[in-house]
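Trainee: You'll find input18.cif just under this line, and it carries mmCIF, C-alpha atoms.
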data_structure
#
loop_
_atom_site.label_atom_id
_atom_site.label_comp_id
_atom_site.auth_asym_id
_atom_site.auth_seq_id
_atom_site.Cartn_x
_atom_site.Cartn_y
_atom_site.Cartn_z
CA MET A 31 29.89 -5.04 -17.29
CA THR A 32 28.68 -2.48 -14.75
CA ALA A 33 24.94 -1.96 -14.63
CA GLN A 34 23.33 1.39 -15.31
CA ILE A 35 21.82 2.75 -12.09
CA ILE A 36 18.13 3.57 -12.52
CA ASP A 37 17.70 6.91 -10.75
CA GLY A 38 14.36 6.57 -8.97
CA LYS A 39 14.80 9.93 -7.28
CA ARG A 40 15.08 11.76 -10.61
CA ILE A 41 12.27 9.81 -12.30
CA ALA A 42 9.96 10.36 -9.30
CA SER A 43 10.75 14.09 -9.29
CA GLU A 44 9.92 14.35 -13.00
CA LEU A 45 6.66 12.45 -12.44
CA ARG A 46 5.66 14.73 -9.56
CA GLY A 47 6.34 17.70 -11.83
CA ARG A 48 4.00 16.30 -14.49
CA VAL A 49 1.33 15.65 -11.83
CA ALA A 50 1.64 19.24 -10.57
CA GLY A 51 1.16 20.51 -14.13
CA GLU A 52 -1.99 18.43 -14.57
CA VAL A 53 -3.33 19.49 -11.15
CA ALA A 54 -2.87 23.14 -12.14
CA ARG A 55 -4.72 22.46 -15.40
CA VAL A 56 -7.78 20.79 -13.79
CA LYS A 57 -7.89 23.56 -11.18
CA ARG A 58 -7.89 26.18 -13.91
CA ASP A 59 -10.19 24.47 -16.38
CA SER A 60 -12.60 22.66 -14.06
CA ALA A 61 -12.25 24.33 -10.64
CA LEU A 62 -11.27 20.92 -9.24
CA THR A 63 -8.66 20.53 -6.50
CA PRO A 64 -7.73 16.85 -6.00
CA GLY A 65 -7.78 15.95 -2.30
CA LEU A 66 -5.89 13.16 -0.53
CA ALA A 67 -6.80 11.98 2.98
CA VAL A 68 -4.28 9.86 4.89
CA VAL A 69 -5.34 7.99 8.04
CA LEU A 70 -2.61 7.03 10.51
CA VAL A 71 -3.31 4.83 13.53
CA GLY A 72 -0.79 4.99 16.36
CA GLN A 73 2.71 6.46 16.58
CA ASP A 74 4.86 4.06 14.55
CA PRO A 75 7.96 6.13 13.62
CA ALA A 76 8.34 4.68 10.11
CA SER A 77 4.66 5.26 9.36
CA GLN A 78 4.91 8.84 10.65
CA VAL A 79 7.79 9.50 8.24
CA TYR A 80 5.78 8.10 5.31
CA VAL A 81 2.73 10.18 6.22
CA ARG A 82 4.75 13.40 6.51
CA SER A 83 6.27 12.71 3.10
CA LYS A 84 2.84 12.13 1.54
CA HIS A 85 1.47 15.32 3.10
CA LYS A 86 4.42 17.43 1.90
CA GLN A 87 4.47 16.05 -1.63
CA SER A 88 0.70 16.30 -2.14
CA GLN A 89 0.77 19.95 -1.09
CA GLU A 90 3.76 20.66 -3.36
CA ALA A 91 1.75 19.19 -6.26
CA GLY A 92 -1.08 21.64 -5.55
CA MET A 93 -3.43 19.08 -3.99
CA ALA A 94 -5.46 19.39 -0.81
CA SER A 95 -4.03 17.22 1.96
CA PHE A 96 -5.99 15.91 4.94
CA GLU A 97 -4.42 14.00 7.82
CA HIS A 98 -6.31 11.96 10.41
CA VAL A 99 -4.15 10.66 13.26
CA LEU A 100 -5.94 8.20 15.52
CA PRO A 101 -4.75 6.62 18.78
CA GLU A 102 -3.19 3.14 18.81
CA ASP A 103 -6.17 1.79 20.78
CA VAL A 104 -8.84 3.18 18.43
CA SER A 105 -11.77 0.82 18.05
CA GLN A 106 -12.52 -0.72 14.70
CA ALA A 107 -15.96 0.94 14.76
CA ASP A 108 -14.43 4.39 15.25
CA LEU A 109 -11.89 3.84 12.46
CA LEU A 110 -14.62 2.67 10.09
CA ALA A 111 -16.67 5.76 11.02
CA VAL A 112 -13.76 7.99 9.92
CA ILE A 113 -13.58 6.15 6.59
CA THR A 114 -17.34 6.51 6.11
CA ARG A 115 -17.04 10.28 6.59
CA LEU A 116 -14.17 10.47 4.11
CA ASN A 117 -16.13 8.39 1.58
CA ARG A 118 -18.90 11.03 1.74
CA ASP A 119 -16.62 14.09 1.75
CA PRO A 120 -16.71 15.75 -1.71
CA LEU A 121 -13.32 17.42 -1.08
CA VAL A 122 -11.62 14.02 -0.67
CA HIS A 123 -10.86 12.03 -3.84
CA GLY A 124 -8.27 9.64 -2.43
CA ILE A 125 -8.22 7.74 0.87
CA LEU A 126 -5.12 5.97 2.14
CA VAL A 127 -5.04 4.10 5.46
CA GLN A 128 -1.40 3.68 6.49
CA LEU A 129 -0.52 0.02 7.04
CA PRO A 130 0.19 -1.95 9.15
CA LEU A 131 -2.78 -1.51 11.48
CA PRO A 132 -2.95 -2.67 15.12
CA LYS A 133 -3.86 -6.34 15.54
CA THR A 134 -7.13 -5.31 17.23
CA VAL A 135 -8.36 -3.96 13.87
CA SER A 136 -9.24 -6.08 10.83
CA THR A 137 -7.16 -4.80 7.92
CA GLU A 138 -9.51 -6.56 5.50
CA ALA A 139 -12.57 -4.84 6.98
CA VAL A 140 -10.89 -1.44 6.78
CA ILE A 141 -9.78 -1.89 3.14
CA ASN A 142 -13.24 -3.15 2.18
CA ALA A 143 -14.84 -0.06 3.76
CA ILE A 144 -13.03 2.39 1.47
CA ASP A 145 -15.01 3.61 -1.55
CA PRO A 146 -13.32 1.81 -4.50
CA ALA A 147 -13.40 5.09 -6.46
CA LYS A 148 -11.23 6.68 -3.72
CA ASP A 149 -9.03 3.64 -3.08
CA VAL A 150 -5.71 5.19 -4.13
CA ASP A 151 -3.79 2.28 -2.58
CA GLY A 152 -5.48 -0.04 -5.10
CA LEU A 153 -6.20 -2.71 -2.48
CA HIS A 154 -10.01 -2.86 -2.49
CA PRO A 155 -11.27 -6.19 -3.94
CA ASN A 156 -13.13 -4.27 -6.66
CA ASN A 157 -9.91 -2.69 -7.90
CA ALA A 158 -7.88 -5.89 -7.46
CA GLY A 159 -10.51 -7.81 -9.45
CA ARG A 160 -10.67 -5.22 -12.22
CA LEU A 161 -6.87 -5.20 -12.49
CA ALA A 162 -6.83 -9.02 -12.67
CA GLY A 163 -9.47 -8.90 -15.39
CA GLY A 164 -7.47 -6.44 -17.47
CA PHE A 165 -9.90 -3.57 -16.89
CA ALA A 166 -9.12 0.03 -15.90
CA ALA A 167 -8.51 0.23 -12.14
CA LEU A 168 -6.63 2.12 -9.48
CA SER A 169 -3.42 0.08 -9.11
CA PRO A 170 -1.22 -0.26 -6.01
CA CYS A 171 1.43 2.46 -6.03
CA THR A 172 4.62 0.42 -5.63
CA PRO A 173 3.92 -1.95 -8.57
CA LEU A 174 2.91 1.04 -10.69
CA GLY A 175 6.26 2.62 -9.83
CA CYS A 176 8.06 -0.60 -10.82
CA ILE A 177 6.46 -0.48 -14.27
CA ILE A 178 7.42 3.19 -14.75
CA LEU A 179 11.03 2.47 -13.75
CA SER A 180 11.14 -0.50 -16.14
CA LYS A 181 9.82 1.62 -18.99
CA SER A 182 12.47 4.23 -18.31
CA MET A 183 14.89 1.58 -19.65
CA HIS A 184 12.66 -0.15 -22.22
CA ALA A 185 10.25 1.65 -24.54
CA SER A 186 8.06 -1.47 -24.47
CA LEU A 187 7.92 -4.49 -22.16
CA GLU A 188 6.01 -6.51 -24.76
CA GLY A 189 7.31 -10.05 -25.18
CA MET A 190 9.97 -9.70 -22.48
CA ASN A 191 10.45 -12.51 -19.95
CA ALA A 192 9.76 -11.17 -16.45
CA ILE A 193 9.97 -12.82 -13.04
CA VAL A 194 8.33 -11.43 -9.91
CA ILE A 195 9.77 -12.85 -6.69
CA GLY A 196 7.10 -12.27 -4.04
CA ARG A 197 3.35 -12.79 -4.02
CA SER A 198 2.01 -10.16 -1.59
CA ASN A 199 -1.26 -8.38 -2.31
CA LEU A 200 0.58 -5.07 -2.01
CA VAL A 201 3.33 -5.73 -4.58
CA GLY A 202 3.79 -9.19 -6.11
CA ARG A 203 0.29 -10.11 -7.27
CA PRO A 204 -0.69 -6.70 -8.72
CA LEU A 205 2.73 -6.34 -10.34
CA VAL A 206 2.11 -9.60 -12.23
CA GLN A 207 -1.20 -8.21 -13.54
CA LEU A 208 0.41 -4.92 -14.62
CA LEU A 209 3.15 -6.82 -16.45
CA LEU A 210 0.56 -8.98 -18.21
CA ASN A 211 -1.22 -5.78 -19.26
CA GLU A 212 2.11 -4.70 -20.80
CA ASN A 213 2.16 -8.01 -22.75
CA ALA A 214 5.20 -9.35 -20.89
CA THR A 215 5.61 -13.09 -20.29
CA VAL A 216 5.47 -13.44 -16.50
CA THR A 217 6.63 -15.98 -13.94
CA ILE A 218 5.58 -15.44 -10.33
CA ALA A 219 7.89 -16.99 -7.75
CA HIS A 220 8.35 -16.76 -3.98
CA SER A 221 10.52 -17.92 -1.11
CA ARG A 222 9.29 -21.52 -1.48
CA SER A 223 9.80 -21.77 -5.23
CA ARG A 224 12.18 -24.54 -6.28
CA ASP A 225 15.42 -23.55 -8.00
CA LEU A 226 14.86 -19.81 -8.04
CA LYS A 227 18.31 -19.34 -9.54
CA THR A 228 17.31 -21.18 -12.71
CA LEU A 229 13.99 -19.35 -12.93
CA CYS A 230 15.72 -15.97 -12.65
CA ALA A 231 18.41 -16.84 -15.18
CA ARG A 232 15.82 -16.81 -18.00
CA ALA A 233 14.38 -13.39 -17.13
CA ASP A 234 14.96 -10.13 -18.98
CA LEU A 235 13.20 -8.32 -16.11
CA VAL A 236 13.70 -9.31 -12.46
CA TYR A 237 11.50 -7.86 -9.70
CA ALA A 238 12.62 -8.74 -6.17
CA ALA A 239 9.87 -8.20 -3.57
CA VAL A 240 10.34 -11.12 -1.19
CA GLY A 241 11.50 -9.32 1.96
CA ARG A 242 14.79 -11.19 2.40
CA PRO A 243 17.99 -9.12 2.54
CA GLU A 244 20.27 -9.60 -0.48
CA MET A 245 18.60 -12.88 -1.43
CA VAL A 246 19.03 -12.43 -5.20
CA ARG A 247 22.68 -13.08 -6.09
CA GLY A 248 24.82 -12.12 -9.03
CA ASP A 249 24.93 -15.63 -10.52
CA TRP A 250 21.12 -15.69 -10.66
CA ILE A 251 20.96 -12.88 -13.22
CA LYS A 252 20.93 -13.14 -16.99
CA PRO A 253 23.64 -10.83 -18.40
CA GLY A 254 22.12 -7.49 -19.36
CA ALA A 255 18.83 -8.03 -17.47
CA THR A 256 16.98 -5.14 -15.80
CA VAL A 257 16.67 -5.66 -12.03
CA ILE A 258 14.08 -3.78 -9.95
CA ASP A 259 14.70 -4.16 -6.21
CA VAL A 260 11.56 -3.53 -4.13
CA GLY A 261 13.05 -4.69 -0.83
CA ILE A 262 13.87 -2.41 2.09
CA ASN A 263 15.70 -4.23 4.89
CA ARG A 264 17.75 -2.93 7.83
CA LEU A 265 20.97 -4.80 8.61
CA SER A 266 23.11 -4.20 11.71
CA ASP A 267 26.89 -4.54 11.76
CA ALA A 268 29.06 -5.65 14.69
CA ALA A 269 29.19 -2.07 15.99
CA GLY A 270 25.40 -1.84 16.04
CA LYS A 271 25.17 0.55 13.09
CA THR A 272 22.35 -0.13 10.66
CA ARG A 273 22.26 0.17 6.89
CA LEU A 274 19.49 -0.22 4.34
CA VAL A 275 19.76 -3.00 1.79
CA GLY A 276 17.36 -4.43 -0.74
CA ASP A 277 16.39 -7.98 -1.62
CA VAL A 278 19.18 -7.96 -4.22
CA ALA A 279 22.92 -8.31 -3.53
CA PHE A 280 23.59 -4.96 -5.20
CA ALA A 281 27.37 -5.16 -5.70
CA GLU A 282 27.26 -8.66 -7.21
CA VAL A 283 24.24 -8.08 -9.41
CA SER A 284 25.59 -4.76 -10.69
CA GLU A 285 28.43 -6.67 -12.31
CA VAL A 286 26.00 -8.71 -14.43
CA ALA A 287 22.80 -6.74 -14.93
CA GLY A 288 22.24 -4.14 -17.61
CA ALA A 289 20.34 -1.84 -15.26
CA ILE A 290 19.45 -1.92 -11.56
CA THR A 291 17.59 0.17 -8.98
CA PRO A 292 19.51 1.14 -5.84
CA VAL A 293 18.25 0.88 -2.25
CA PRO A 294 17.60 3.53 -1.14
CA GLY A 295 16.94 5.81 -4.10
CA GLY A 296 15.00 3.46 -6.35
CA VAL A 297 11.48 2.05 -6.02
CA GLY A 298 10.75 3.77 -2.71
CA GLN A 299 10.99 7.18 -4.35
CA MET A 300 8.31 6.17 -6.85
CA THR A 301 5.66 4.99 -4.39
CA VAL A 302 4.54 8.43 -3.17
CA ALA A 303 4.79 9.90 -6.68
CA CYS A 304 2.44 7.17 -7.92
CA LEU A 305 0.09 7.88 -5.00
CA LEU A 306 -0.22 11.41 -6.38
CA VAL A 307 -0.90 9.98 -9.85
CA ASN A 308 -3.69 7.79 -8.45
CA THR A 309 -5.22 10.69 -6.49
CA LEU A 310 -5.30 12.87 -9.61
CA ARG A 311 -6.79 10.04 -11.69
CA ALA A 312 -9.41 9.34 -9.01
CA ALA A 313 -10.37 13.02 -8.79
CA CYS A 314 -10.85 13.29 -12.54
CA ALA A 315 -12.85 10.04 -12.70
CA ILE A 316 -15.13 11.07 -9.81
CA ALA A 317 -15.72 14.48 -11.44
CA GLY A 318 -16.45 12.88 -14.83
CA LEU A 319 -13.40 14.49 -16.45
CA PRO A 320 -11.13 12.82 -19.04
CA LYS A 321 -8.22 10.78 -17.70
CA PRO A 322 -5.29 13.13 -16.96
CA GLY A 323 -2.10 13.01 -18.98
CA VAL A 324 -0.03 11.13 -16.38
#
What's the structure tokens form of this structure?
Mentor:
Amino acid sequence: MTAQIIDGKRIASELRGRVAGEVARVKRDSALTPGLAVVLVGQDPASQVYVRSKHKQSQEAGMASFEHVLPEDVSQADLLAVITRLNRDPLVHGILVQLPLPKTVSTEAVINAIDPAKDVDGLHPNNAGRLAGGFAALSPCTPLGCIILSKSMHASLEGMNAIVIGRSNLVGRPLVQLLLNENATVTIAHSRSRDLKTLCARADLVYAAVGRPEMVRGDWIKPGATVIDVGINRLSDAAGKTRLVGDVAFAEVSEVAGAITPVPGGVGQMTVACLLVNTLRAACAIAGLPKPGV
């Protein structure tokens, strides 16, 4: 068996197209232009790449895009003042503070300062609590992308056995809640779980988000299972060249799984597309409009 490759690039492109169509509709019908503000602290190269991508894709979708680049040594008070201004700005419907932040700034304080209605990263305790309670909420973008990729292979996730390896607030924990909302049967595991191999072998859906290169092996996987690899790890060879790998041993697992996401070209493509979805949903909710069709 050779697994079907789940084309995150294609699925993300189609999703962005649907978002652009809905943005054009709310502009035409309601004179509303969804606006996304991204706050970047410092000059981290990877973060700069992400921010440029978000800016480009939001503009291509017809949204207003606002960038705020602050120095590495910005004080917490000054950063919180920027967030307060964005909370009050009627042109801004989504606020994303690029993580990680410098150690001199409390990430918790910054997340808590964002208006939950504009929290398009889905990390504010209000949104996390609503998601955990099964209520409507802005959900973190990467887990939302994982669900969309899964449903590209399965019309319904109801009753399927799923395992989430990783318990971060950004991916693992919210992904569990989204899977429960889809009526899947969910196991949450992590790097300290005993006998991960046996736990995985029961799962129809495997989500690897543990941050360990190629940790999930081929003999862990139930034949025909769908494997969603959230990991992004850089490995260096003897010559000093680097390559990107996921948390899944792709070649091995591809021989057993029914479907698998590649790294790169899988989940990462979906994260920014889902950020656009959240910004559009937030804009409509703030304006009192019906939920958009994405």
Trainee: Using all atoms listed in the file, which of A:Asn213, A:Ala147, A:Phe165, A:Val68 sits nearest A:Lys86?
Mentor: A:Val68
Trainee: Calculated over only C-alpha atoms, which of the candidates A:Asn142, A:Ala238, A:Gly323, A:Lys39 has the smallest distance to A:Gly51?
Mentor: A:Gly323
Trainee: Got a sec: who's within 6 Å of A:Gly65, counting all atoms listed in the file, leaving out chain neighbours fewer than 4 positions off, as a VMD selection string?
Mentor: chain A and resid 93 to 95 121 to 123
Trainee: Mind pulling up the distance from atom CA of A:Leu305 to atom CA of A:Ala185?
Mentor: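 That distance, rounded to one decimal, is 22.9 Å.
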Trainee: Quick one, how far is atom CA of A:Ala287 from atom CA of A:Val206?
Mentor: 21.1 Å
Trainee: Given the choices A:Leu116, A:Ala167, A:Ala317, A:Ile178, which gets closest to A:Leu153 if the distance is worked out from all atoms listed in the file?
Mentor: A:Ala167
Trainee: On this structure, which residues satisfy the PyMOL selection byres ((chain A and resi 149) around 10), written as a PyMOL selection string?
Mentor: chain A and resi 117+123-127+141-148+150-154+156-157+167-170+308-309+312
Trainee: For a quick check of understanding, using all atoms listed in the file, which of A:Ala139, A:Gly295, A:Val53, A:Leu66 has the smallest distance to A:Asp119?
Mentor: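 With all atoms listed in the file as the atom set, the closest residue is A:Leu66.
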Trainee: Run the PyMOL selection byres ((chain A and resi 245) around 8) mentally over the shown coordinates, then write out the matched residues as a ChimeraX atom specification, using the chain letters and numbers from the document.
Mentor: /A:242-244,246-247,277-279
Trainee: So that I have them on file, write out the residues from the current selection with C-alpha atoms, as a short mmCIF file (atom, residue, chain, number, x, y, z; two decimals), in the frame of the given file.
Mentor:
data_model
loop_
_atom_site.label_atom_id
_atom_site.label_comp_id
_atom_site.auth_asym_id
_atom_site.auth_seq_id
_atom_site.Cartn_x
_atom_site.Cartn_y
_atom_site.Cartn_z
CA ARG A 242 14.79 -11.19 2.40
CA PRO A 243 17.99 -9.12 2.54
CA GLU A 244 20.27 -9.60 -0.48
CA VAL A 246 19.03 -12.43 -5.20
CA ARG A 247 22.68 -13.08 -6.09
CA ASP A 277 16.39 -7.98 -1.62
CA VAL A 278 19.18 -7.96 -4.22
CA ALA A 279 22.92 -8.31 -3.53
#
Trainee: Work out how far atom CA of A:Ala231 is from atom CA of A:Lys252, in Å to one decimal.
Mentor: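 Going from atom CA of A:Lys252 over to atom CA of A:Ala231 covers 4.8 Å.
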Trainee: Counting only C-alpha atoms, figure out which residue out of A:Leu45, A:Leu131, A:Leu200, A:Ile316 gets nearest to A:Cys304.
Mentor: A:Leu45
Trainee: Report as a list in words all protein, DNA and RNA residues lying within 12 Å of A:Tyr80, evaluated on only C-alpha atoms, omitting residues in the same chain fewer than 3 positions from it.
Mentor: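 In the requested form, the answer reads Val68, Val69, Leu70, Gln73, Asp74, Pro75, Ala76, Ser77, Ser83, Lys84, His85, Lys86, Gln87, Leu126, Val127, Gln128, Leu129, Gly298, Gln299, Thr301, Val302 and Leu305 of chain A.
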Trainee: For a quick check of understanding, using all atoms listed in the file, which of A:Ala54, A:Ile290, A:Leu229, A:Val79 has the smallest distance to A:Ala33?
Mentor: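 For A:Ala33, the nearest of the given residues is A:Ile290.
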Trainee: Quick check on the file I pasted: which residues fall under the PyMOL selection byres ((chain A and resi 182) around 12)? Write them as a PyMOL selection string.
Mentor: chain A and resi 34-38+40-42+44-45+175-181+183-187+256+258+289-291
Trainee: Print the selection's residues with C-alpha atoms to a file, as a compact mmCIF listing (two decimals), in the frame of the given file.
Mentor:
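Writing the result to selection-v1.txt gives the following:
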# COMPACT_ATOMS: atom_id res chain seq x y z
CA GLN A 34 23.33 1.39 -15.31
CA ILE A 35 21.82 2.75 -12.09
CA ILE A 36 18.13 3.57 -12.52
CA ASP A 37 17.70 6.91 -10.75
CA GLY A 38 14.36 6.57 -8.97
CA ARG A 40 15.08 11.76 -10.61
CA ILE A 41 12.27 9.81 -12.30
CA ALA A 42 9.96 10.36 -9.30
CA GLU A 44 9.92 14.35 -13.00
CA LEU A 45 6.66 12.45 -12.44
CA GLY A 175 6.26 2.62 -9.83
CA CYS A 176 8.06 -0.60 -10.82
CA ILE A 177 6.46 -0.48 -14.27
CA ILE A 178 7.42 3.19 -14.75
CA LEU A 179 11.03 2.47 -13.75
CA SER A 180 11.14 -0.50 -16.14
CA LYS A 181 9.82 1.62 -18.99
CA MET A 183 14.89 1.58 -19.65
CA HIS A 184 12.66 -0.15 -22.22
CA ALA A 185 10.25 1.65 -24.54
CA SER A 186 8.06 -1.47 -24.47
CA LEU A 187 7.92 -4.49 -22.16
CA THR A 256 16.98 -5.14 -15.80
CA ILE A 258 14.08 -3.78 -9.95
CA ALA A 289 20.34 -1.84 -15.26
CA ILE A 290 19.45 -1.92 -11.56
CA THR A 291 17.59 0.17 -8.98
Trainee: Tell me which protein, DNA and RNA residues are within 12 Å of A:Thr217, counting only C-alpha atoms, leaving out same-chain ones fewer than 6 positions away, and put them as a list in words.
Mentor: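 The filter keeps Met190, Asn191, Ala192, Ile193, Val194, Ile195, Gly196, Arg197, Gly202, Arg203, Leu205, Val206, Gln207, Leu209, Leu210, Ser223, Leu226, Thr228, Leu229, Cys230, Ala231, Arg232, Ala233, Asp234, Leu235, Val236 and Tyr237 of chain A.
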Trainee: Please provide the set of residues having any atom within 10 Å of A:Leu274, restricted to all atoms listed in the file, with same-chain residues fewer than 5 positions apart removed, written as JSON, numbers by chain.
Mentor: {"A": [243, 261, 262, 263, 264, 265, 266, 293, 294]}
Trainee: Could you pull stretch 98-170 of chain A out of the block above and give me C-alpha atoms, as a short mmCIF file (atom, residue, chain, number, x, y, z; two decimals), in the first residue's frame?
Mentor:
data_model
loop_
_atom_site.label_atom_id
_atom_site.label_comp_id
_atom_site.auth_asym_id
_atom_site.auth_seq_id
_atom_site.Cartn_x
_atom_site.Cartn_y
_atom_site.Cartn_z
CA HIS A 98 2.88 46.68 13.38
CA VAL A 99 6.59 45.90 13.72
CA LEU A 100 8.00 46.66 17.16
CA PRO A 101 11.61 46.52 18.38
CA GLU A 102 12.94 43.45 20.21
CA ASP A 103 13.33 45.51 23.41
CA VAL A 104 9.78 46.91 23.39
CA SER A 105 8.34 47.19 26.88
CA GLN A 106 5.34 45.12 27.85
CA ALA A 107 3.42 48.34 28.56
CA ASP A 108 4.08 49.67 25.05
CA LEU A 109 3.06 46.38 23.43
CA LEU A 110 -0.15 46.27 25.46
CA ALA A 111 -0.85 49.88 24.42
CA VAL A 112 -0.67 48.83 20.75
CA ILE A 113 -3.13 46.01 21.41
CA THR A 114 -5.49 48.40 23.22
CA ARG A 115 -5.49 50.69 20.17
CA LEU A 116 -6.19 47.78 17.85
CA ASN A 117 -9.02 46.57 20.11
CA ARG A 118 -10.66 50.00 19.68
CA ASP A 119 -9.98 50.37 15.94
CA PRO A 120 -13.22 49.76 13.99
CA LEU A 121 -11.24 48.89 10.83
CA VAL A 122 -9.52 45.97 12.59
CA HIS A 123 -11.54 42.76 13.07
CA GLY A 124 -8.69 40.35 13.73
CA ILE A 125 -5.56 40.78 15.86
CA LEU A 126 -2.66 38.35 15.71
CA VAL A 127 0.49 38.78 17.81
CA GLN A 128 3.26 36.69 16.23
CA LEU A 129 4.72 34.20 18.71
CA PRO A 130 7.17 33.59 20.28
CA LEU A 131 7.60 36.87 22.13
CA PRO A 132 10.79 38.04 23.89
CA LYS A 133 11.25 36.63 27.39
CA THR A 134 10.89 40.15 28.83
CA VAL A 135 7.21 40.12 27.80
CA SER A 136 4.49 37.95 29.36
CA THR A 137 2.86 35.98 26.55
CA GLU A 138 -0.11 35.27 28.81
CA ALA A 139 -0.64 38.98 29.54
CA VAL A 140 -0.48 39.83 25.84
CA ILE A 141 -2.96 37.11 24.81
CA ASN A 142 -5.32 38.10 27.62
CA ALA A 143 -5.25 41.73 26.45
CA ILE A 144 -6.66 40.94 23.00
CA ASP A 145 -10.40 41.48 22.58
CA PRO A 146 -11.80 37.90 22.40
CA ALA A 147 -14.01 38.97 19.47
CA LYS A 148 -10.82 39.86 17.52
CA ASP A 149 -8.71 36.93 18.76
CA VAL A 150 -8.18 35.23 15.39
CA ASP A 151 -5.45 33.01 16.87
CA GLY A 152 -8.10 31.48 19.17
CA LEU A 153 -5.82 31.61 22.22
CA HIS A 154 -7.72 33.95 24.56
CA PRO A 155 -9.09 32.06 27.61
CA ASN A 156 -12.63 33.09 26.64
CA ASN A 157 -12.30 31.38 23.26
CA ALA A 158 -10.44 28.38 24.69
CA GLY A 159 -13.16 27.95 27.33
CA ARG A 160 -15.99 28.27 24.82
CA LEU A 161 -14.32 25.72 22.54
CA ALA A 162 -13.87 23.32 25.48
CA GLY A 163 -17.54 23.77 26.37
CA GLY A 164 -18.67 22.96 22.83
CA PHE A 165 -19.83 26.52 22.12
CA ALA A 166 -19.14 28.65 19.04
CA ALA A 167 -15.66 30.19 19.28
CA LEU A 168 -12.74 31.40 17.24
CA SER A 169 -10.51 28.31 17.06
CA PRO A 170 -6.71 28.19 16.68
#
